[in-house]
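S.K.: My structure is in final_39.cif, and what it holds is mmCIF, C-alpha atoms and all ligand atoms:
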data_run
#
loop_
_atom_site.label_atom_id
_atom_site.label_comp_id
_atom_site.auth_asym_id
_atom_site.auth_seq_id
_atom_site.Cartn_x
_atom_site.Cartn_y
_atom_site.Cartn_z
CA MET X 219 0.00 0.00 0.00
CA LYS X 220 1.25 3.47 -0.81
CA LYS X 221 2.36 5.40 2.25
CA ASP X 222 1.64 9.08 2.87
CA ALA X 223 5.21 9.81 3.85
CA VAL X 224 8.58 8.31 4.68
CA PHE X 225 11.27 9.74 6.95
CA ILE X 226 14.82 9.08 5.79
CA PHE X 227 17.17 8.58 8.72
CA SER X 228 20.04 6.61 10.14
CA GLU X 229 22.67 7.45 12.73
CA GLU X 230 25.20 7.60 9.89
CA GLN X 231 23.76 11.01 8.93
CA LEU X 232 25.23 12.37 12.15
CA GLY X 233 28.73 11.66 10.83
CA TYR X 234 28.53 14.92 8.86
CA SER X 235 30.14 16.87 11.69
CA PHE X 236 32.76 19.62 11.40
CA SER X 237 33.45 20.08 15.13
CA ASP X 238 31.63 20.48 18.42
CA SER X 239 31.83 24.26 18.21
CA HIS X 240 30.70 24.57 14.56
CA PRO X 241 27.21 26.08 14.08
CA PHE X 242 26.15 23.32 11.64
CA ASN X 243 25.08 20.51 13.98
CA GLN X 244 23.18 17.44 12.83
CA LYS X 245 22.10 16.67 16.38
CA ARG X 246 19.04 18.72 15.34
CA ILE X 247 17.84 15.73 13.29
CA LEU X 248 17.89 13.55 16.43
CA LEU X 249 16.09 16.25 18.40
CA THR X 250 13.40 16.48 15.71
CA LEU X 251 12.93 12.74 15.37
CA ASP X 252 12.70 12.35 19.14
CA LEU X 253 10.11 15.13 19.33
CA LEU X 254 8.01 13.37 16.69
CA LYS X 255 8.36 10.01 18.43
CA LYS X 256 7.39 11.41 21.83
CA SER X 257 4.45 13.21 20.21
CA GLY X 258 3.25 9.89 18.79
CA ALA X 259 3.48 11.27 15.24
CA ILE X 260 5.98 8.79 13.80
CA GLN X 261 6.41 5.01 13.95
CA ASP X 262 9.54 2.95 13.32
CA SER X 263 7.90 1.65 10.13
CA ASP X 264 7.86 5.24 8.74
CA ILE X 265 11.66 5.43 8.86
CA ILE X 266 13.90 4.32 5.99
CA ALA X 267 17.69 4.25 6.16
CA PRO X 268 19.55 6.29 3.53
CA ARG X 269 22.03 4.72 1.14
CA MET X 270 25.32 6.30 0.16
CA ALA X 271 25.43 8.08 -3.20
CA THR X 272 27.84 6.46 -5.66
CA ASP X 273 30.64 8.40 -7.35
CA GLU X 274 28.71 8.12 -10.60
CA GLU X 275 25.73 9.81 -8.99
CA LEU X 276 27.86 12.56 -7.44
CA LEU X 277 29.35 13.20 -10.87
CA LEU X 278 25.89 14.22 -12.09
CA ALA X 279 26.43 17.55 -10.36
CA HIS X 280 30.09 17.60 -9.29
CA ASP X 281 33.52 17.73 -10.82
CA LYS X 282 35.67 14.57 -10.67
CA LYS X 283 38.68 16.43 -9.33
CA PHE X 284 36.59 17.94 -6.53
CA ILE X 285 35.34 14.51 -5.43
CA GLU X 286 38.95 13.26 -5.34
CA ILE X 287 39.94 16.25 -3.21
CA VAL X 288 37.11 15.60 -0.72
CA LYS X 289 38.16 11.94 -0.47
CA LYS X 290 41.76 12.98 0.23
CA ALA X 291 40.64 15.54 2.80
CA GLY X 292 38.66 12.95 4.76
CA LYS X 293 41.72 10.69 4.91
CA GLY X 294 43.92 13.50 6.21
CA GLU X 295 45.94 13.61 2.97
CA LEU X 296 45.16 17.16 1.84
CA THR X 297 47.34 20.20 2.41
CA GLU X 298 45.61 23.40 3.49
CA ASP X 299 46.64 25.47 0.47
CA VAL X 300 45.25 22.92 -2.00
CA GLY X 301 42.06 22.52 0.07
CA SER X 302 41.32 26.23 0.09
CA ILE X 303 41.13 26.27 -3.73
CA TYR X 304 38.20 23.87 -3.38
CA GLY X 305 36.59 25.61 -0.41
CA ILE X 306 37.74 22.90 1.98
CA GLY X 307 39.64 23.37 5.23
CA THR X 308 38.23 26.89 5.57
CA ASP X 309 36.64 28.35 8.72
CA ASP X 310 33.18 27.68 7.24
CA THR X 311 33.85 24.21 5.87
CA PRO X 312 36.66 22.60 7.88
CA ILE X 313 38.03 19.14 7.12
CA PHE X 314 36.73 16.23 9.21
CA PRO X 315 37.39 12.47 9.12
CA ASN X 316 35.55 10.52 6.40
CA MET X 317 34.31 13.77 4.88
CA HIS X 318 33.53 12.10 1.55
CA GLU X 319 31.55 9.19 2.99
CA ALA X 320 29.55 11.42 5.35
CA SER X 321 28.75 13.91 2.58
CA ALA X 322 27.83 11.16 0.11
CA MET X 323 25.49 9.67 2.74
CA LEU X 324 23.52 12.94 2.91
CA VAL X 325 23.21 12.97 -0.89
CA GLY X 326 22.20 9.30 -0.87
CA GLY X 327 19.45 10.15 1.62
CA THR X 328 17.91 12.61 -0.81
CA LEU X 329 18.22 10.06 -3.63
CA THR X 330 16.49 7.49 -1.43
CA ALA X 331 13.70 10.04 -0.89
CA VAL X 332 13.46 10.59 -4.65
CA ASP X 333 13.13 6.87 -5.40
CA GLU X 334 10.45 6.37 -2.74
CA VAL X 335 8.33 9.11 -4.28
CA MET X 336 9.01 8.51 -7.98
CA GLN X 337 8.49 4.73 -7.72
CA GLY X 338 5.16 5.36 -6.03
CA ARG X 339 5.89 3.74 -2.68
CA SER X 340 5.22 6.99 -0.84
CA LYS X 341 3.56 10.24 -1.76
CA TYR X 342 5.99 12.42 0.15
CA ALA X 343 9.50 11.85 1.50
CA LEU X 344 11.58 13.82 3.99
CA ASN X 345 15.39 13.80 4.28
CA LEU X 346 16.35 16.28 6.98
CA GLY X 347 20.01 15.37 6.47
CA GLY X 348 19.91 17.03 3.04
CA GLY X 349 19.47 20.64 1.92
CA LEU X 350 23.15 21.52 1.44
CA HIS X 351 22.30 24.23 -1.05
CA HIS X 352 25.62 26.11 -1.15
CA GLY X 353 27.64 23.22 -2.61
CA PHE X 354 29.05 24.09 -6.06
CA HIS X 355 30.04 21.96 -9.03
CA GLY X 356 33.72 22.03 -8.13
CA ARG X 357 33.88 23.68 -4.73
CA ALA X 358 32.53 23.42 -1.18
CA SER X 359 30.97 26.52 0.33
CA GLY X 360 29.04 27.69 3.39
CA PHE X 361 29.07 24.43 5.44
CA CYS X 362 28.13 22.43 2.30
CA VAL X 363 30.35 19.87 0.57
CA TYR X 364 28.23 17.95 -1.94
CA ASN X 365 24.94 19.52 -3.03
CA ASP X 366 22.31 16.82 -2.49
CA SER X 367 19.55 18.82 -4.17
CA SER X 368 21.59 19.46 -7.32
CA VAL X 369 22.50 15.77 -7.57
CA ALA X 370 18.88 14.75 -6.86
CA ILE X 371 17.47 17.06 -9.53
CA LYS X 372 19.91 15.70 -12.14
CA TYR X 373 18.94 12.18 -11.01
CA LEU X 374 15.23 13.05 -11.30
CA GLN X 375 15.86 14.26 -14.85
CA LYS X 376 17.99 11.34 -15.92
CA LYS X 377 16.17 8.45 -14.28
CA TYR X 378 12.60 9.72 -14.37
CA GLY X 379 12.56 12.43 -17.04
CA ALA X 380 10.90 14.73 -14.50
CA ARG X 381 10.37 18.46 -14.68
CA VAL X 382 11.43 19.75 -11.26
CA LEU X 383 10.53 22.84 -9.28
CA TYR X 384 13.02 23.54 -6.47
CA ILE X 385 11.71 25.77 -3.66
CA ASP X 386 14.19 27.12 -1.12
CA THR X 387 12.96 28.88 2.04
CA ASP X 388 16.31 28.91 3.85
CA ALA X 389 17.26 32.43 5.04
CA HIS X 390 20.30 32.27 2.76
CA HIS X 391 20.11 32.33 -1.03
CA GLY X 392 20.07 28.83 -2.59
CA ASP X 393 23.00 29.72 -4.81
CA GLY X 394 24.54 26.28 -5.44
CA VAL X 395 21.29 24.85 -6.81
CA GLN X 396 20.49 27.97 -8.80
CA TRP X 397 23.86 27.99 -10.58
CA SER X 398 23.63 24.24 -11.31
CA PHE X 399 20.52 24.79 -13.41
CA TYR X 400 20.96 28.39 -14.54
CA ASP X 401 21.04 27.37 -18.22
CA ASP X 402 18.42 24.65 -17.96
CA PRO X 403 14.82 25.49 -18.92
CA THR X 404 13.50 22.14 -17.60
CA VAL X 405 14.37 22.95 -13.98
CA CYS X 406 12.92 25.91 -12.13
CA THR X 407 14.57 27.27 -8.99
CA LEU X 408 12.81 29.58 -6.55
CA SER X 409 14.54 31.04 -3.52
CA ILE X 410 13.12 33.33 -0.85
CA HIS X 411 15.85 34.63 1.42
CA GLU X 412 17.23 37.57 3.36
CA THR X 413 18.71 40.06 0.90
CA GLY X 414 22.36 39.42 0.14
CA ARG X 415 23.24 43.00 1.02
CA TYR X 416 24.55 42.00 4.45
CA LEU X 417 24.29 38.21 4.37
CA PHE X 418 26.20 35.30 2.88
CA PRO X 419 26.38 34.41 -0.02
CA GLY X 420 25.47 37.89 -1.30
CA THR X 421 23.64 36.71 -4.43
CA GLY X 422 19.94 36.11 -5.09
CA SER X 423 18.76 39.39 -6.56
CA ILE X 424 15.49 39.45 -8.53
CA THR X 425 17.46 40.14 -11.70
CA GLU X 426 19.12 36.67 -11.58
CA ARG X 427 16.63 35.09 -13.99
CA GLY X 428 18.68 32.38 -15.72
CA ASN X 429 20.87 32.26 -18.76
CA GLY X 430 20.48 31.32 -22.45
CA SER X 431 17.59 28.91 -22.93
CA GLY X 432 17.31 28.75 -19.11
CA TYR X 433 16.39 32.42 -18.95
CA GLY X 434 13.10 32.85 -17.10
CA THR X 435 13.28 29.73 -14.91
CA SER X 436 15.31 31.17 -12.03
CA PHE X 437 13.35 33.16 -9.45
CA ASN X 438 14.59 35.10 -6.45
CA PHE X 439 12.61 36.86 -3.76
CA PRO X 440 15.09 38.70 -1.50
CA ILE X 441 13.42 40.09 1.63
CA ASP X 442 14.72 42.75 3.96
CA ALA X 443 16.55 42.13 7.24
CA PHE X 444 14.06 42.19 10.18
CA THR X 445 11.20 40.86 8.06
CA GLU X 446 8.41 39.42 10.24
CA ASP X 447 5.95 36.56 9.72
CA GLU X 448 3.17 38.32 7.89
CA SER X 449 5.38 39.78 5.18
CA PHE X 450 7.47 36.57 4.84
CA LEU X 451 4.35 34.48 4.35
CA SER X 452 2.76 36.92 1.96
CA VAL X 453 5.85 36.79 -0.29
CA TYR X 454 6.19 33.00 0.03
CA LYS X 455 2.57 32.12 -0.67
CA THR X 456 2.16 34.49 -3.61
CA ALA X 457 5.52 33.56 -5.14
CA ILE X 458 5.12 29.79 -4.86
CA LYS X 459 1.61 29.81 -6.31
CA GLU X 460 2.44 32.07 -9.22
CA VAL X 461 5.71 30.29 -10.09
CA THR X 462 4.15 26.81 -9.89
CA GLU X 463 1.28 27.89 -12.12
CA PHE X 464 3.85 29.33 -14.57
CA PHE X 465 6.20 26.31 -14.60
CA LYS X 466 3.83 23.36 -14.13
CA PRO X 467 6.30 20.90 -12.54
CA ASP X 468 6.00 17.10 -12.29
CA VAL X 469 7.51 17.09 -8.81
CA ILE X 470 8.58 19.61 -6.19
CA LEU X 471 11.73 19.51 -4.09
CA THR X 472 11.63 21.86 -1.10
CA GLN X 473 14.66 22.96 0.92
CA ASN X 474 13.56 23.76 4.47
CA GLY X 475 16.35 25.66 6.17
CA ALA X 476 15.04 26.82 9.56
CA ASP X 477 17.25 29.88 9.95
CA ALA X 478 14.73 32.67 9.23
CA HIS X 479 13.63 32.58 12.88
CA TYR X 480 14.21 35.49 15.26
CA PHE X 481 16.40 33.26 17.48
CA ASP X 482 18.68 32.15 14.66
CA PRO X 483 22.19 33.44 15.44
CA LEU X 484 23.39 33.71 11.82
CA THR X 485 20.67 35.74 10.08
CA HIS X 486 18.65 38.91 10.65
CA LEU X 487 15.09 37.82 9.86
CA TYR X 488 12.33 37.99 12.49
CA GLY X 489 10.25 34.91 11.73
CA THR X 490 8.47 32.91 14.44
CA MET X 491 7.18 29.34 14.55
CA ASP X 492 4.15 30.57 12.60
CA ILE X 493 6.10 30.58 9.33
CA TYR X 494 7.29 27.00 9.92
CA LYS X 495 3.74 25.81 10.49
CA GLU X 496 2.63 27.32 7.19
CA ILE X 497 5.55 26.65 4.82
CA PRO X 498 5.11 22.86 4.51
CA ARG X 499 1.31 22.97 4.42
CA VAL X 500 1.42 25.30 1.42
CA ALA X 501 4.05 23.06 -0.22
CA ARG X 502 1.79 20.04 0.21
CA GLU X 503 -1.16 21.91 -1.32
CA ILE X 504 0.98 22.83 -4.33
CA ALA X 505 2.21 19.25 -4.73
CA GLU X 506 -1.36 17.96 -4.62
CA GLN X 507 -2.66 20.55 -7.04
CA TYR X 508 0.08 20.29 -9.68
CA CYS X 509 2.17 17.14 -9.11
CA GLU X 510 -0.26 14.38 -8.08
CA GLY X 511 1.22 14.80 -4.62
CA ARG X 512 4.88 14.21 -5.53
CA TRP X 513 6.88 16.14 -2.93
CA ILE X 514 10.40 15.59 -1.63
CA ALA X 515 11.57 17.75 1.26
CA VAL X 516 15.07 18.23 2.62
CA GLY X 517 16.51 20.14 5.60
CA GLY X 518 19.08 22.94 5.30
CA GLY X 519 20.31 25.67 7.63
CA GLY X 520 19.06 26.20 11.16
CA TYR X 521 21.46 27.18 13.91
CA ASP X 522 19.32 27.43 17.01
CA ILE X 523 19.19 23.66 17.22
CA TRP X 524 17.44 23.62 20.62
CA ARG X 525 14.68 26.21 20.55
CA VAL X 526 13.87 26.43 16.82
CA VAL X 527 14.86 23.57 14.54
CA PRO X 528 13.15 20.58 16.23
CA ARG X 529 9.74 22.25 16.30
CA ALA X 530 10.18 23.84 12.86
CA TRP X 531 11.19 20.56 11.19
CA ALA X 532 8.57 18.54 13.04
CA HIS X 533 5.99 20.66 11.22
CA ILE X 534 7.19 19.33 7.83
CA TRP X 535 6.50 15.75 8.89
CA LEU X 536 3.17 16.71 10.50
CA ALA X 537 2.13 18.40 7.24
CA MET X 538 3.15 15.31 5.25
CA LYS X 539 1.07 13.08 7.51
CA ASN X 540 -1.79 15.59 7.40
CA ILE X 541 -1.82 15.70 11.20
CA PRO X 542 -3.53 18.87 12.45
CA THR X 543 -1.07 21.49 13.70
CA PRO X 544 -0.45 20.71 17.37
CA THR X 545 -0.82 23.41 20.00
CA GLY X 546 0.07 23.73 23.67
CA PRO X 547 2.84 21.98 25.60
CA LEU X 548 5.55 19.83 24.01
CA PRO X 549 5.82 16.29 25.41
CA GLU X 550 7.14 16.46 28.96
CA ASP X 551 9.64 13.61 28.43
CA TRP X 552 11.13 15.36 25.37
CA LEU X 553 11.68 18.55 27.38
CA SER X 554 13.20 16.74 30.34
CA THR X 555 15.47 14.59 28.15
CA TRP X 556 17.00 17.48 26.22
CA GLN X 557 16.86 20.37 28.69
CA GLU X 558 19.79 18.77 30.53
CA GLN X 559 21.99 19.11 27.46
CA SER X 560 20.72 22.43 26.17
CA PRO X 561 22.69 25.60 26.95
CA VAL X 562 19.45 27.63 26.63
CA THR X 563 16.02 27.21 28.19
CA LEU X 564 13.85 25.22 25.78
CA ILE X 565 10.55 26.66 24.57
CA PRO X 566 7.99 24.41 26.30
CA THR X 567 5.17 24.81 23.75
CA TRP X 568 4.61 24.28 20.03
CA GLU X 569 4.01 28.01 19.70
CA ASP X 570 6.56 30.71 20.46
CA PRO X 571 5.89 33.00 23.42
CA VAL X 572 4.03 36.18 22.45
CA PRO X 573 5.51 38.67 22.00
CA LEU X 574 8.84 37.11 21.10
CA TYR X 575 10.62 40.44 20.62
CA GLU X 576 10.19 44.18 20.94
CA PRO X 577 8.17 45.79 18.12
CA ILE X 578 10.25 46.81 15.09
CA PRO X 579 9.91 50.55 14.44
CA ARG X 580 10.57 50.12 10.70
CA LYS X 581 7.97 47.36 10.26
CA ASP X 582 5.71 49.23 7.78
CA GLU X 583 8.67 50.36 5.71
CA ILE X 584 10.08 46.80 5.56
CA ASN X 585 6.71 45.30 4.60
CA GLU X 586 6.28 47.92 1.88
CA LYS X 587 9.77 47.22 0.49
CA ASN X 588 9.06 43.48 0.37
CA ALA X 589 5.70 44.06 -1.31
CA GLN X 590 7.37 46.20 -3.96
CA MET X 591 10.07 43.57 -4.53
CA LEU X 592 7.41 40.89 -4.93
CA SER X 593 5.43 42.97 -7.34
CA ARG X 594 8.55 43.72 -9.46
CA ALA X 595 9.55 40.04 -9.53
CA LEU X 596 6.06 38.88 -10.47
CA HIS X 597 5.70 41.63 -13.04
CA MET X 598 8.63 40.01 -14.88
CA ILE X 599 6.86 36.62 -14.95
CA ARG X 600 3.65 38.17 -16.20
CA ASN X 601 5.43 40.12 -18.94
CA GLU X 602 7.35 37.06 -20.08
CA LYS X 603 4.12 35.08 -20.31
CA ILE X 604 2.73 37.74 -22.62
CA ASP X 605 5.92 37.67 -24.74
CA LYS X 606 5.59 33.91 -25.33
ZN ZN T 701 20.80 29.21 5.70
#
Show this structure as structure tokens.
Ligand SMILES: [Zn+2]
M.R.:
Amino acid sequence: MKKDAVFIFSEEQLGYSFSDSHPFNQKRILLTLDLLKKSGAIQDSDIIAPRMATDEELLLAHDKKFIEIVKKAGKGELTEDVGSIYGIGTDDTPIFPNMHEASAMLVGGTLTAVDEVMQGRSKYALNLGGGLHHGFHGRASGFCVYNDSSVAIKYLQKKYGARVLYIDTDAHHGDGVQWSFYDDPTVCTLSIHETGRYLFPGTGSITERGNGSGYGTSFNFPIDAFTEDESFLSVYKTAIKEVTEFFKPDVILTQNGADAHYFDPLTHLYGTMDIYKEIPRVAREIAEQYCEGRWIAVGGGGYDIWRVVPRAWAHIWLAMKNIPTPTGPLPEDWLSTWQEQSPVTLIPTWEDPVPLYEPIPRKDEINEKNAQMLSRALHMIRNEKIDK
């Protein structure tokens, strides 16, 4: 019988670990899974172990030389000056043991998710270990070695002949995936993110629309620092609906970075848990309306691993299972288990406390700027439709 959703996980995903002090920490997957288990929302039979991506699969989106360099790095055979040419051994993306195997396991998880959905065993599939959207063809960047989404999209094209819409709601621009398909009219990339004016990686302006025959299938919605829920959701909902209607995909792949939250230490957006409740429910609606339900979701950024990520990512699974949005206290045994380890006081409820922060004096100005950006970006789509 076809399942609603599968959750891709094994302890091996936790091997993607730069150091104990690095902000990218896969313990957040464990925290999320444990929250779902203790909420009674997931069973062992919902969980599928990932496989490791083969070199041949990695080559779909990566350079051979780069893969060799990552292998060498993980064995401790790479000098720092050579590594830095490939973005490895930097402050952002330090070398760690078995770097190749751990990175290939995250890619394999997303490929496992793809096969579950495309072979009809499950409608939706979630790989929280994936979402490494800054990985480039021949270079690591921004905590990302191999780009699981880029490999998975190439795999979806090659194995299933699918037309893919990639939707990225991480607070950072989904640059690696965008550049992988910049020339390709059969893949559409959509990224909503904090403007690159003050934030890594600096790209993602509305004028980045694609190149050559791929022109018109790259979409960017950069929002202002300090953007709050209402404006974030207005941009997201309008953009996703309009772009999906324009592109008419066979399948959607969503990247669910959870770093647009007020508590996130690396970005300047002012989202609350309300955006994370909504994002996956809208994605599911879109998948049902346009793709006969085919939806693959991956993780991404998210650096408040205690107070934000577990609740935010739990909402993706809850949306996939069509479980009504929970309210009120989190399971007592989840809170007591993890509070001991957490350096901050955990939020005890599914909702954030209200108010979460002092009012932003520039709120109206920020909302107006975002609305104008959205209208300019959508104006381009509408004009191009008329041109065709
Ligand atoms: Zn991010």
S.K.: Name all residues at most 6 Å from range 399-408 of chain X (count all atoms listed in the file; drop same-chain ones fewer than 5 positions away) and give them as a ChimeraX atom specification.
M.R.: /X:381-385,428-432,435-438
S.K.: List all protein, DNA and RNA residues that have an atom no more than 7 Å from any atom of ligand ZN 701 (chain T), counting only C-alpha atoms and all ligand atoms, and report them as a list of chain:residue names.
M.R.: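 For ligand ZN 701 (chain T), the residues inside 7 Å are X:Asp388, X:Ala389, X:His390, X:Gly475, X:Asp477, X:Gly518, X:Gly519, X:Gly520.
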S.K.: Can you work out the spacing between CA of His280 in chain X and CA of Ile313 in chain X in Å, to one decimal?
M.R.: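 Separation of CA of His280 in chain X and CA of Ile313 in chain X: 18.3 Å.
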S.K.: Show which residues sit within 9 Å of range 251-268 of chain X, as a ChimeraX atom specification. Count all atoms listed in the file, and ignore same-chain residues fewer than 4 positions away.
M.R.: /X:221,223-231,246-247,323-331,345,528-529,532,535-536,539,541,548-553
S.K.: Restricting the calculation to only C-alpha atoms, which member of X:Tyr378, X:Ser321, X:Leu249, X:Ser398 is positioned closest to Trp531 in chain X?
M.R.: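 Of X:Tyr378, X:Ser321, X:Leu249, X:Ser398, the one nearest Trp531 in chain X is X:Leu249, counting only C-alpha atoms.
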S.K.: Can you sort out the box for range 516-520 of chain X, edges along x, y and z, all listed atoms in, 3 Å on every side, with centre and edge lengths in Å to one decimal, as lines of an AutoDock Vina configuration file?
M.R.:
center_x = 17.7
center_y = 22.2
center_z = 6.9
size_x = 11.2
size_y = 14.0
size_z = 14.5
S.K.: Taking only residues of range 417-479 of chain X that have an atom at most 12 Å from an atom of range 370-373 of chain X, what is each one's shortest atom pair and its distance in Å to one decimal, using only C-alpha atoms, in chain and number order, as CSV?
M.R.:
residue,atom,partner,partner_atom,distance
X:Asp468,CA,X:Ile371,CA,11.8
X:Val469,CA,X:Ile371,CA,10.0
X:Ile470,CA,X:Ile371,CA,9.8
X:Leu471,CA,X:Ile371,CA,8.3
X:Thr472,CA,X:Ile371,CA,11.3
S.K.: Considering all atoms listed in the file, state which residue in the set X:Asn588, X:Lys459, X:Leu232, X:Leu596 is at the smallest distance from Lys245 in chain X.
M.R.: X:Leu232
S.K.: From the set X:Gly353, X:Pro542, X:Gly307, X:Gly489, which residue has the shortest atom-to-atom contact distance to Phe444 in chain X, counting only C-alpha atoms?
M.R.: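 The answer is X:Gly489, which sits nearest to Phe444 in chain X.
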S.K.: List as a PyMOL selection string the residues having at least one atom at most 12 Å from position (17.6, 34.2, 9.5) as given in the file, counting all atoms listed in the file.
M.R.: chain X and resi 387-391+410-414+416-418+441-447+450+475-490+519-522+526
S.K.: What's around Trp513 in chain X at 8 Å? Count only C-alpha atoms, leave out sequence neighbours fewer than 2 positions away in its own chain, and write the answer as a list in words.
M.R.: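 Everything that qualifies: Val335, Lys341, Tyr342, Ala343, Val469, Ile470, Leu471, Thr472, Ala501, Arg502, Ala505, Cys509, Gly511 and Ala515 of chain X.
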S.K.: Any idea what the distance is between CA of Glu496 in chain X and CA of Cys362 in chain X?
M.R.: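 Interatomic distance, CA of Glu496 in chain X to CA of Cys362 in chain X: 26.4 Å.
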S.K.: Please determine, counting all atoms listed in the file, which residue among X:Pro467, X:Pro579, X:Gly517, X:Gly420 has the shortest atom-to-atom distance to Ala530 in chain X.
M.R.: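 Of the candidates, the smallest distance to Ala530 in chain X is held by X:Gly517.
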S.K.: Write out as an NGL selection string which residues come within 9 Å of Ser237 in chain X when counting all atoms listed in the file, dropping same-chain ones fewer than 3 positions away.
M.R.: :X and (240-243 or 312 or 314)
S.K.: Give the answer as one residue: which of X:Leu346, X:Val453, X:Val300, X:Ile287 has the shortest atom-to-atom distance to Arg594 in chain X, using all atoms listed in the file?
M.R.: X:Val453
